[in-house]
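S.K.: As input, take final_0.txt (compact mmCIF, C-alpha atoms):
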```txt
# COMPACT_ATOMS: atom_id res chain seq x y z
CA MET A 841 109.33 65.98 75.02
CA ALA A 842 108.36 69.59 75.70
CA LYS A 843 108.40 70.69 79.32
CA THR A 844 105.08 71.92 80.70
CA VAL A 845 105.11 75.38 82.27
CA LEU A 846 102.48 77.12 84.40
CA VAL A 847 102.81 80.93 84.38
CA THR A 848 100.57 82.85 86.76
CA GLY A 849 99.60 86.47 86.18
CA ALA A 850 99.76 85.81 82.43
CA SER A 851 97.20 88.43 81.42
CA ALA A 852 99.74 91.29 81.26
CA GLY A 853 103.31 92.44 81.86
CA ILE A 854 106.04 89.98 82.80
CA GLY A 855 103.66 87.03 82.95
CA LYS A 856 102.29 87.52 79.46
CA ALA A 857 105.71 88.22 77.94
CA THR A 858 107.16 85.12 79.63
CA ALA A 859 104.32 82.84 78.53
CA ILE A 860 104.71 83.94 74.90
CA TYR A 861 108.51 83.79 74.92
CA LEU A 862 108.62 80.28 76.39
CA ALA A 863 105.94 79.04 73.98
CA GLN A 864 108.00 80.43 71.09
CA ASN A 865 110.94 78.43 72.42
CA GLY A 866 109.20 75.07 72.44
CA TYR A 867 107.63 74.86 75.90
CA ASN A 868 104.08 73.64 76.53
CA VAL A 869 102.69 76.69 78.30
CA TYR A 870 99.60 77.27 80.42
CA GLY A 871 98.91 80.93 81.14
CA ALA A 872 96.83 81.53 84.26
CA ALA A 873 95.07 84.66 85.49
CA ARG A 874 91.68 85.96 86.62
CA ARG A 875 91.20 88.09 83.51
CA THR A 876 90.81 85.32 80.95
CA GLU A 877 89.54 87.84 78.38
CA LYS A 878 93.03 89.39 78.40
CA MET A 879 94.61 86.03 77.54
CA GLN A 880 92.64 85.02 74.46
CA ASP A 881 95.45 86.24 72.19
CA LEU A 882 97.79 83.75 73.87
CA LYS A 883 96.02 80.96 72.00
CA THR A 884 97.64 82.14 68.76
CA HIS A 885 100.98 81.17 70.33
CA GLY A 886 99.75 77.72 71.30
CA ILE A 887 99.30 78.72 74.94
CA GLN A 888 96.38 77.35 76.94
CA PRO A 889 94.69 80.11 78.98
CA ILE A 890 93.28 78.96 82.29
CA PHE A 891 91.32 80.86 84.94
CA LEU A 892 93.12 81.24 88.27
CA ASP A 893 92.38 83.30 91.36
CA VAL A 894 95.37 82.71 93.64
CA THR A 895 93.35 83.79 96.70
CA LYS A 896 90.80 80.97 96.25
CA GLU A 897 91.62 77.40 97.30
CA GLU A 898 89.20 75.77 94.85
CA SER A 899 90.66 77.80 91.97
CA LEU A 900 94.23 76.84 92.85
CA VAL A 901 93.38 73.14 93.19
CA GLY A 902 91.28 73.13 90.02
CA CYS A 903 94.01 74.81 87.97
CA VAL A 904 96.70 72.31 89.00
CA GLU A 905 94.41 69.31 88.60
CA GLN A 906 93.39 70.39 85.09
CA ILE A 907 96.98 70.79 83.93
CA LEU A 908 98.11 67.49 85.46
CA LYS A 909 95.17 65.73 83.79
CA GLU A 910 95.83 67.27 80.37
CA ALA A 911 99.62 67.46 80.29
CA GLY A 912 100.62 64.78 82.79
CA SER A 913 103.05 67.03 84.66
CA ILE A 914 103.90 70.57 85.68
CA ASP A 915 107.64 70.72 85.18
CA ILE A 916 108.10 74.43 85.73
CA LEU A 917 106.05 76.78 87.92
CA ILE A 918 106.48 80.52 87.44
CA ASN A 919 104.84 82.39 90.32
CA ASN A 920 104.35 85.80 88.77
CA ALA A 921 100.86 86.91 89.86
CA GLY A 922 101.19 89.88 92.18
CA SER A 923 99.50 92.83 93.83
CA GLY A 924 101.17 96.20 94.44
CA TYR A 925 99.12 98.51 96.65
CA TYR A 926 101.06 101.54 97.86
CA GLY A 927 100.14 103.82 100.74
CA ALA A 928 101.27 104.84 104.21
CA LEU A 929 101.02 102.10 106.83
CA GLU A 930 98.88 104.36 109.00
CA ASP A 931 96.41 104.97 106.17
CA MET A 932 96.02 101.53 104.58
CA PRO A 933 93.19 99.29 105.79
CA ILE A 934 94.52 96.02 107.19
CA SER A 935 92.00 94.20 104.96
CA ASP A 936 93.89 95.53 101.90
CA ALA A 937 97.21 94.54 103.46
CA LYS A 938 95.91 91.02 104.04
CA TYR A 939 94.74 90.78 100.43
CA GLN A 940 98.18 91.79 99.18
CA LEU A 941 99.81 89.11 101.32
CA GLU A 942 97.22 86.55 100.14
CA VAL A 943 98.19 87.23 96.52
CA ASN A 944 101.93 87.77 96.90
CA VAL A 945 102.79 85.22 99.58
CA PHE A 946 100.09 82.71 100.54
CA GLY A 947 98.87 82.17 96.97
CA VAL A 948 102.47 81.51 95.93
CA ALA A 949 103.04 79.11 98.83
CA ARG A 950 99.81 77.18 98.22
CA LEU A 951 100.53 76.74 94.52
CA ILE A 952 103.98 75.42 95.37
CA GLN A 953 102.40 72.93 97.80
CA LEU A 954 100.10 71.71 95.04
CA VAL A 955 102.79 71.16 92.39
CA LEU A 956 105.46 69.63 94.63
CA PRO A 957 104.09 66.06 94.90
CA ALA A 958 104.25 65.51 91.12
CA MET A 959 107.63 67.23 90.87
CA ARG A 960 109.03 65.00 93.61
CA LYS A 961 107.63 61.92 91.87
CA ASN A 962 109.35 62.93 88.63
CA ASN A 963 112.53 63.92 90.46
CA TYR A 964 112.47 67.13 88.45
CA GLY A 965 111.10 70.63 88.81
CA LYS A 966 111.82 74.32 88.53
CA ILE A 967 110.01 76.76 90.84
CA VAL A 968 110.52 80.37 89.79
CA ASN A 969 109.34 83.02 92.23
CA ILE A 970 109.09 86.56 90.89
CA SER A 971 110.27 88.78 93.69
CA SER A 972 111.53 92.30 93.06
CA VAL A 973 114.41 94.59 93.85
CA GLY A 974 111.76 95.65 96.38
CA GLY A 975 112.45 92.35 98.13
CA LYS A 976 115.85 93.72 99.09
CA VAL A 977 115.39 97.50 99.25
CA THR A 978 112.44 99.60 100.38
CA LEU A 979 110.69 102.80 99.40
CA PRO A 980 108.30 104.78 101.61
CA MET A 981 104.59 104.06 101.04
CA GLY A 982 105.37 100.52 99.96
CA VAL A 983 105.29 98.84 103.37
CA TRP A 984 103.03 95.91 102.53
CA TYR A 985 104.42 95.35 99.04
CA HIS A 986 107.95 95.20 100.45
CA ALA A 987 106.84 93.00 103.34
CA SER A 988 105.40 90.53 100.83
CA LYS A 989 108.50 90.50 98.62
CA PHE A 990 110.89 90.19 101.57
CA ALA A 991 108.75 87.19 102.58
CA ILE A 992 109.15 85.65 99.11
CA GLU A 993 112.92 85.99 99.40
CA GLY A 994 112.97 84.15 102.72
CA LEU A 995 110.43 81.55 101.64
CA SER A 996 112.49 80.79 98.52
CA ASP A 997 115.76 80.48 100.43
CA ALA A 998 114.28 77.99 102.91
CA LEU A 999 112.37 76.05 100.24
CA ARG A 1000 115.49 75.70 98.09
CA LYS A 1001 117.14 73.71 100.87
CA GLU A 1002 114.05 71.54 101.43
CA VAL A 1003 113.54 70.37 97.84
CA LYS A 1004 117.06 70.24 96.36
CA SER A 1005 117.43 66.50 97.09
CA PHE A 1006 114.30 65.82 94.99
CA GLY A 1007 115.84 67.33 91.85
CA ILE A 1008 113.88 70.56 92.22
CA ASP A 1009 115.46 74.01 91.81
CA VAL A 1010 114.07 77.19 93.37
CA ILE A 1011 114.94 80.37 91.47
CA VAL A 1012 114.25 83.96 92.51
CA ILE A 1013 113.88 86.69 89.89
CA GLU A 1014 114.42 90.28 91.07
CA PRO A 1015 113.20 92.76 88.44
CA GLY A 1016 113.84 96.46 88.69
CA GLY A 1017 111.73 99.01 86.84
CA THR A 1018 109.67 97.04 84.33
CA LYS A 1019 106.76 98.21 82.21
CA SER A 1020 103.57 96.93 83.82
CA GLU A 1021 100.07 97.86 84.90
CA MET A 1022 100.94 97.41 88.56
CA THR A 1023 102.77 100.71 89.07
CA GLY A 1024 99.85 102.76 87.75
CA LEU A 1025 97.30 100.80 89.77
CA GLY A 1026 99.47 101.03 92.90
CA THR A 1027 99.96 104.80 92.69
CA GLU A 1028 96.26 105.37 91.95
CA TYR A 1029 95.47 103.47 95.14
CA MET A 1030 98.06 105.50 97.06
CA SER A 1031 96.44 108.74 95.89
CA ARG A 1032 93.12 107.54 97.25
CA VAL A 1033 94.31 106.39 100.67
CA SER A 1034 97.17 108.80 101.40
CA GLY A 1035 96.65 111.69 98.98
CA ASN A 1036 94.79 113.80 101.53
CA THR A 1037 96.35 112.71 104.82
CA ALA A 1038 99.39 113.72 106.84
CA TYR A 1039 101.41 111.78 104.27
CA SER A 1040 100.10 113.66 101.21
CA SER A 1041 103.36 115.45 100.38
CA LEU A 1042 105.33 112.21 100.63
CA ALA A 1043 102.73 110.46 98.46
CA LYS A 1044 103.17 113.13 95.78
CA GLY A 1045 106.95 112.67 95.94
CA VAL A 1046 106.64 108.90 95.52
CA ILE A 1047 104.24 109.33 92.59
CA ASN A 1048 106.70 111.72 90.90
CA MET A 1049 109.55 109.29 91.50
CA TYR A 1050 107.59 106.41 89.95
CA ALA A 1051 106.67 108.60 86.97
CA ALA A 1052 110.37 109.21 86.36
CA VAL A 1053 111.16 105.49 86.72
CA GLU A 1054 108.34 104.62 84.31
CA LYS A 1055 110.04 106.62 81.52
CA ASP A 1056 113.08 104.32 81.68
CA ALA A 1057 111.19 101.13 82.51
CA THR A 1058 112.43 98.00 80.80
CA ASP A 1059 110.34 95.88 78.45
CA PRO A 1060 109.11 92.69 80.18
CA ILE A 1061 110.83 90.54 77.54
CA VAL A 1062 114.12 91.24 79.37
CA ILE A 1063 112.76 89.44 82.43
CA ALA A 1064 111.27 86.66 80.28
CA LYS A 1065 114.76 85.99 78.90
CA LEU A 1066 116.21 85.92 82.42
CA ILE A 1067 113.61 83.35 83.42
CA LYS A 1068 114.45 81.18 80.41
CA GLN A 1069 118.13 81.43 81.29
CA GLY A 1070 117.40 80.27 84.82
CA ILE A 1071 115.16 77.32 83.99
CA GLU A 1072 117.54 76.03 81.31
CA ALA A 1073 120.69 76.18 83.45
CA ASN A 1074 121.93 72.82 84.74
CA ASN A 1075 122.92 74.51 87.97
CA PRO A 1076 120.86 77.73 88.08
CA LYS A 1077 121.82 80.70 90.17
CA THR A 1078 119.63 81.26 93.21
CA ARG A 1079 118.82 84.80 92.00
CA TYR A 1080 118.66 86.63 88.70
CA VAL A 1081 118.54 90.43 88.65
CA GLY A 1082 117.48 92.54 85.71
CA ALA A 1083 115.68 95.58 84.29
CA SER A 1084 116.04 99.30 84.88
CA GLY A 1085 118.06 100.36 87.93
CA ALA A 1086 118.03 96.93 89.59
CA LYS A 1087 121.74 96.18 89.90
CA MET A 1088 122.59 99.77 90.82
CA MET A 1089 120.02 99.84 93.65
CA LEU A 1090 121.29 96.54 95.05
CA PHE A 1091 124.89 97.77 94.82
CA PHE A 1092 124.12 100.93 96.80
CA ARG A 1093 122.15 98.92 99.36
CA LYS A 1094 125.15 96.67 99.84
CA ILE A 1095 127.78 99.39 100.32
CA LEU A 1096 125.79 102.03 102.23
CA SER A 1097 124.65 101.98 105.84
CA ASP A 1098 120.91 101.89 106.52
CA LYS A 1099 120.74 105.61 107.27
CA MET A 1100 122.87 106.58 104.28
CA PHE A 1101 120.67 104.47 102.02
CA ASP A 1102 117.56 106.05 103.55
CA ARG A 1103 118.93 109.50 102.69
CA LEU A 1104 119.67 108.40 99.14
CA VAL A 1105 116.14 107.04 98.67
CA MET A 1106 114.43 110.06 100.21
CA SER A 1107 116.46 112.45 98.03
CA GLN A 1108 114.47 111.04 95.07
CA MET A 1109 111.08 111.92 96.61
CA LYS A 1110 110.61 115.43 95.25
```
Write the structure described by the file as structure tokens, please.

M.R.:
Amino acid sequence: MAKTVLVTGASAGIGKATAIYLAQNGYNVYGAARRTEKMQDLKTHGIQPIFLDVTKEESLVGCVEQILKEAGSIDILINNAGSGYYGALEDMPISDAKYQLEVNVFGVARLIQLVLPAMRKNNYGKIVNISSVGGKVTLPMGVWYHASKFAIEGLSDALRKEVKSFGIDVIVIEPGGTKSEMTGLGTEYMSRVSGNTAYSSLAKGVINMYAAVEKDATDPIVIAKLIKQGIEANNPKTRYVGASGAKMMLFFRKILSDKMFDRLVMSQMK
């Protein structure tokens, strides 16, 4: 019988590519996002679009209840929905920082809480948390994004130990540069909040760096295939790394001191 998968953030980028790829490979897929109008084409792949705002309790509960009622189980949860506001810590309103943490951390945690009882009952489950290379290395102007992804790394490591005895695997995916809407939206926001402050020259450097990365960004299907590899492994790795520049960045972070790595990163902000 086909495994049932819930993919959040399925209206674009990695989420959409993953939903389609898994549906093409025989999974029963629910694609969840706020922008349901961007998911109508998923129906042609046999995917069920479902509205989900991960910052709203009633939306989270309603989404899980609907899938459990219709499909009987949620075997695999792919926490992909994310927010990527960039800007100097001094410039960013704390309300925007809180929203980013609501989406990237607390929404993820609450959805996991909601799917765990059924997974434990079935003695089976795969929880896939989409982190980022930015959960291991940092760039200036990304303080709250990095804080949220570092949190996902720690949350996943602790959760993995809690649920292993129930037959549930926790898998972290760490993409590098991947084609998505988030980079453009994040740098537009940064221009607004830090483009005319003491950090304006640094903001311009970060925008130029992201523009260069965007040229070599990897198609989201690469990450979709990594996810499939992870959920189909009998003994999955705790982390899967992929896409443009990811392994190289993690290698340099491992071998260089903090200050040497800082100099390497800042040399790219021109």

S.K.: Find the residues near range 960-966 of chain A: any atom within 7 Å, counting all atoms listed in the file, skip ones fewer than 4 places away on the same chain, and give them as a count of residues only.

M.R.: 10

S.K.: May I have the residues within 10 Å of Gly1024 in chain A as a list in words, using all atoms listed in the file and disregarding those fewer than 5 positions away in the same chain?

M.R.: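 The residues satisfying every condition are Gly924, Tyr925, Lys1019, Tyr1029, Met1030, Ile1047, Tyr1050, Ala1051 and Glu1054 of chain A.
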
S.K.: Would you mind listing, for every residue of range 925-1002 of chain A within 10 Å of range 1037-1041 of chain A, the two atoms forming the shortest contact and the distance between them in Å to one decimal, using all atoms listed in the file, sorted by chain and ascending residue number, as CSV?

M.R.:
```
residue,atom,partner,partner_atom,distance
A:Gly927,CA,A:Tyr1039,CA,8.8
A:Ala928,CA,A:Tyr1039,CA,6.9
A:Glu930,CA,A:Tyr1039,CA,9.2
A:Asp931,CA,A:Thr1037,CA,7.9
A:Met981,CA,A:Tyr1039,CA,9.0
```

S.K.: Between A:Lys1055, A:Lys856, A:Arg1079, A:Lys843, which is the closest to Ile1011 in chain A once you count all atoms listed in the file?

M.R.: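 Smallest separation from Ile1011 in chain A among the options: A:Arg1079.
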
S.K.: Name the closest residue to Lys1068 in chain A among the candidates A:Ala987, A:Ala1043, A:Val968, A:Leu941; distances are taken between atoms, counting only C-alpha atoms.

M.R.: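 Among the listed residues, A:Val968 lies closest to Lys1068 in chain A.
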
S.K.: Which one is closest to Tyr861 in chain A: A:Val973, A:Leu882, A:Ala937, A:Met1109? Count all atoms listed in the file.

M.R.: A:Leu882

S.K.: Applying 12 Å and all atoms listed in the file, which residues near Trp984 in chain A remain after dropping the ones on its own chain fewer than 4 positions away? List them as a PyMOL selection string.

M.R.: chain A and resi 923-945+974-975+978-980+988-991+1026

S.K.: Restricting the calculation to only C-alpha atoms: of A:Thr895, A:Asn865, A:Thr848, A:Ser1084, which residue gets closest to Pro1060 in chain A?

M.R.: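 Ranking A:Thr895, A:Asn865, A:Thr848, A:Ser1084 by distance to Pro1060 in chain A, first place goes to A:Ser1084.
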
S.K.: What does the distance between CA of Gln1069 in chain A and CA of Lys909 in chain A come to in Å, to one decimal place?

M.R.: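 Separating CA of Gln1069 in chain A from CA of Lys909 in chain A is a distance of 27.9 Å.
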
S.K.: How many Å separate CA of Val1105 in chain A from CA of Ile992 in chain A?

M.R.: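 Going from CA of Val1105 in chain A over to CA of Ile992 in chain A covers 22.5 Å.
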
S.K.: Would you compute the distance between CA of Lys1004 in chain A and CA of Ile967 in chain A? Give it in Å to one decimal.

M.R.: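 CA of Ile967 in chain A lies at a distance of 11.1 Å from CA of Lys1004 in chain A.
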